[in-house]
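K.L.:
Below is data.csv; it holds CSV, C-alpha atoms.
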chain,number,residue,atom,x,y,z
H,580,MET,CA,87.6,81.4,72.2
H,581,SER,CA,90.5,79.0,71.7
H,582,SER,CA,90.8,75.4,70.5
H,583,PRO,CA,91.4,72.7,73.1
H,584,PRO,CA,94.9,71.2,73.3
H,585,VAL,CA,95.7,69.0,70.3
H,586,PRO,CA,97.0,65.5,70.8
H,587,ARG,CA,100.3,64.5,69.1
H,588,PRO,CA,100.1,62.2,66.1
H,589,PRO,CA,100.9,58.5,66.5
H,590,SER,CA,104.5,57.6,66.1
H,591,PRO,CA,106.5,57.1,64.0
H,592,VAL,CA,106.0,60.2,61.9
H,593,SER,CA,107.3,60.2,58.3
H,594,ALA,CA,107.8,63.0,55.8
H,595,VAL,CA,104.5,64.8,55.1
H,596,ASN,CA,103.3,64.7,51.5
H,597,LEU,CA,101.1,67.7,51.0
H,598,ALA,CA,99.5,66.5,47.8
H,599,GLU,CA,98.4,63.3,49.6
H,600,LYS,CA,97.0,65.4,52.6
H,601,PHE,CA,95.1,67.7,50.3
H,602,SER,CA,93.6,64.7,48.5
H,603,ARG,CA,92.1,63.5,51.8
H,604,ILE,CA,90.1,66.8,52.2
H,605,ASP,CA,86.7,66.9,50.6
H,606,ASP,CA,85.3,70.2,52.0
H,607,PHE,CA,86.3,73.8,52.3
H,608,TRP,CA,87.3,76.1,55.2
H,609,HIS,CA,87.9,73.1,57.5
H,610,PRO,CA,91.6,73.0,58.5
H,611,ARG,CA,93.3,69.7,59.3
H,612,ILE,CA,96.4,69.3,61.3
H,613,VAL,CA,99.5,67.8,59.6
H,614,GLY,CA,102.2,68.8,62.1
H,615,ALA,CA,103.1,70.4,65.4
H,616,LEU,CA,106.2,72.1,66.7
H,617,ASN,CA,107.0,74.4,69.6
H,618,GLY,CA,103.4,75.1,70.4
H,619,GLN,CA,102.6,75.8,66.8
H,620,LEU,CA,100.4,73.8,64.5
H,621,VAL,CA,100.9,73.2,60.8
H,622,LYS,CA,97.5,72.9,59.2
H,623,VAL,CA,96.2,72.4,55.6
H,624,ALA,CA,92.9,73.5,54.1
H,625,ARG,CA,91.1,73.7,50.9
H,626,LEU,CA,89.4,77.1,50.4
H,627,GLN,CA,86.8,78.4,48.0
H,628,GLY,CA,84.5,81.4,48.3
H,629,ALA,CA,84.8,84.1,51.0
H,630,PHE,CA,85.5,83.4,54.6
H,631,ASP,CA,84.1,85.4,57.5
H,632,TRP,CA,85.6,88.8,58.6
H,633,HIS,CA,87.5,88.1,61.8
H,634,HIS,CA,90.8,88.9,63.7
H,635,HIS,CA,93.1,87.2,66.2
H,636,ALA,CA,93.8,89.4,69.1
H,637,ASP,CA,97.0,87.6,70.3
H,638,GLU,CA,98.3,85.6,67.3
H,639,ASP,CA,99.8,86.2,63.9
H,640,GLU,CA,98.6,83.9,61.2
H,641,LEU,CA,100.7,82.6,58.2
H,642,PHE,CA,99.0,81.6,55.0
H,643,LEU,CA,101.3,79.7,52.5
H,644,VAL,CA,99.5,79.1,49.2
H,645,VAL,CA,100.3,75.8,47.6
H,646,ARG,CA,97.8,75.9,44.7
H,647,GLY,CA,95.6,78.7,43.3
H,648,THR,CA,95.5,82.4,44.3
H,649,LEU,CA,94.2,83.7,47.6
H,650,ARG,CA,93.0,87.3,48.1
H,651,MET,CA,93.5,88.5,51.7
H,652,GLU,CA,91.1,91.3,52.3
H,653,MET,CA,91.7,93.7,55.1
H,654,ARG,CA,89.6,96.8,55.9
H,655,ASP,CA,92.1,99.2,54.3
H,656,GLU,CA,93.9,97.0,51.7
H,657,THR,CA,93.9,93.7,49.8
H,658,VAL,CA,96.9,91.4,49.3
H,659,THR,CA,97.0,88.8,46.5
H,660,ILE,CA,98.9,85.7,47.4
H,661,ALA,CA,99.9,83.3,44.5
H,662,ALA,CA,101.0,79.7,44.6
H,663,GLY,CA,104.5,79.6,46.2
H,664,GLU,CA,103.9,82.7,48.2
H,665,PHE,CA,102.9,83.4,51.8
H,666,TYR,CA,101.5,86.2,53.7
H,667,ILE,CA,101.4,86.8,57.5
H,668,VAL,CA,98.3,88.5,58.9
H,669,PRO,CA,99.5,90.5,62.0
H,670,ARG,CA,97.6,89.9,65.2
H,671,GLY,CA,94.7,92.2,65.7
H,672,VAL,CA,94.2,92.9,62.0
H,673,GLU,CA,90.7,92.2,60.8
H,674,HIS,CA,90.8,90.1,57.6
H,675,ARG,CA,88.8,87.9,55.3
H,676,PRO,CA,90.4,85.3,53.0
H,677,VAL,CA,88.7,85.0,49.6
H,678,ALA,CA,89.3,82.3,47.1
H,679,ASP,CA,87.5,82.9,43.8
H,680,ASP,CA,88.7,79.4,42.6
H,681,GLU,CA,89.8,76.5,44.8
H,682,VAL,CA,93.0,77.3,46.8
H,683,HIS,CA,95.1,74.9,48.8
H,684,VAL,CA,96.9,76.5,51.8
H,685,VAL,CA,99.2,75.6,54.6
H,686,LEU,CA,98.7,77.5,57.8
H,687,PHE,CA,101.2,78.0,60.7
H,688,GLU,CA,99.7,79.3,63.9
H,689,PRO,CA,99.7,78.7,67.7
H,690,ALA,CA,97.8,75.6,68.8
H,691,SER,CA,95.4,77.9,70.7
H,692,THR,CA,94.3,79.7,67.6
H,693,LEU,CA,90.7,79.3,66.6
H,694,HIS,CA,90.5,79.6,62.8
H,695,THR,CA,87.5,82.0,62.9
H,696,GLY,CA,89.3,84.2,65.5
H,697,ASN,CA,87.0,86.4,67.5
H,698,VAL,CA,83.8,85.2,65.8
H,699,VAL,CA,81.8,82.0,65.9
H,700,THR,CA,80.0,81.1,62.7
H,701,GLU,CA,78.8,78.0,60.9
H,702,LYS,CA,82.4,77.6,59.6
H,703,THR,CA,83.9,77.5,63.1
H,704,ARG,CA,85.5,74.1,64.1
H,705,THR,CA,86.1,73.8,67.8
H,706,SER,CA,88.2,70.7,67.4
H,707,LEU,CA,90.5,69.8,64.6
H,708,GLU,CA,91.7,66.4,63.5
H,709,TRP,CA,95.0,65.1,62.3
H,710,ILE,CA,95.2,63.7,58.8
Take the structure in the file and give it back as structure tokens.
P.N.:
Amino acid sequence: MSSPPVPRPPSPVSAVNLAEKFSRIDDFWHPRIVGALNGQLVKVARLQGAFDWHHHADEDELFLVVRGTLRMEMRDETVTIAAGEFYIVPRGVEHRPVADDEVHVVLFEPASTLHTGNVVTEKTRTSLEWI
């Protein structure tokens, strides 16, 4: 399942202030779009707790941690990603992001990528909004 095409933000676009964008999010695991380039979306999300196990058959997924520490669990290893670090989950790799405390992330992924990958759960968002 993939997300529908995402409309471009209204013009003119100014520099994106990540702190301001995160301050507008009041829930967890619900990505918002803050940029688009070359078929890729730049998304921000606040995370806390464990996400669902899933994979993306055709897309790599980049997680850039801005605040906190994210644990990326995969079936055969776990990678810890601290603030100021990023990790790319290769396409096809089953993974589960876990945030023991609140984490702020920036995600880079193709516009067609559904954030819950190959599964649909109560956390699945079929359309994402710009903030």
K.L.:
Please measure the separation of atom CA of H:Leu643 and atom CA of H:His683, giving the value in Å to one decimal.
P.N.:
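Distance reported for this atom pair: 8.7 Å.
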K.L.:
Just checking: using all atoms listed in the file, which residue out of H:Asp637, H:Asp631, H:Glu673, H:Asp679 ends up closest to H:Leu649?
P.N.:
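Checking each of H:Asp637, H:Asp631, H:Glu673, H:Asp679 against H:Leu649, counting all atoms listed in the file, the winner is H:Asp679.
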K.L.:
Nearest to H:Ser706 among H:Pro610, H:Trp632, H:Met651, H:Glu599, with distances taken over all atoms listed in the file: which residue is it?
P.N.:
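Ranked by minimum distance to H:Ser706, first place goes to H:Pro610.
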K.L.:
Using only C-alpha atoms, can you tell me which of H:Val621, H:Ala636, H:Val682, H:Ala690 comes closest to H:Arg670?
P.N.:
H:Ala636
K.L.:
Counting only C-alpha atoms, which residues sit no farther than 9 Å from the position (99.4, 71.6, 62.1) in the file's frame? I'd like them as a PyMOL selection string.
P.N.:
chain H and resi 610-616+619-623+685-688+690+709
K.L.:
Could you tell me which of H:Thr657, H:Val644, H:Tyr666, H:Asp606 comes closest to H:Gly628 if we count only C-alpha atoms?
P.N.:
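Comparing H:Thr657, H:Val644, H:Tyr666, H:Asp606 against H:Gly628, the winner is H:Asp606.
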K.L.:
For H:Ala661, which residue out of H:Arg646, H:Arg625, H:Lys600, H:His633 is the nearest one, using only C-alpha atoms?
P.N.:
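Nearest to H:Ala661: H:Arg646.
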K.L.:
Extract, using only C-alpha atoms, all DNA, RNA and protein residues at most 7 Å from H:Glu681, discarding same-chain residues fewer than 4 positions from it, and format them as a count of residues only.
P.N.:
4
K.L.:
Any idea what the distance is between atom CA of H:Phe607 and atom CA of H:Pro669?
P.N.:
23.4 Å
K.L.:
Atom CA of H:Arg675 to atom CA of H:Glu652: how many Å, to one decimal?
P.N.:
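Between atom CA of H:Arg675 and atom CA of H:Glu652 the gap is 5.1 Å.
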K.L.:
With distances taken over only C-alpha atoms, which residue among H:Gly618, H:Ala624, H:Leu641, H:Val672 lies nearest H:Ile660?
P.N.:
H:Leu641
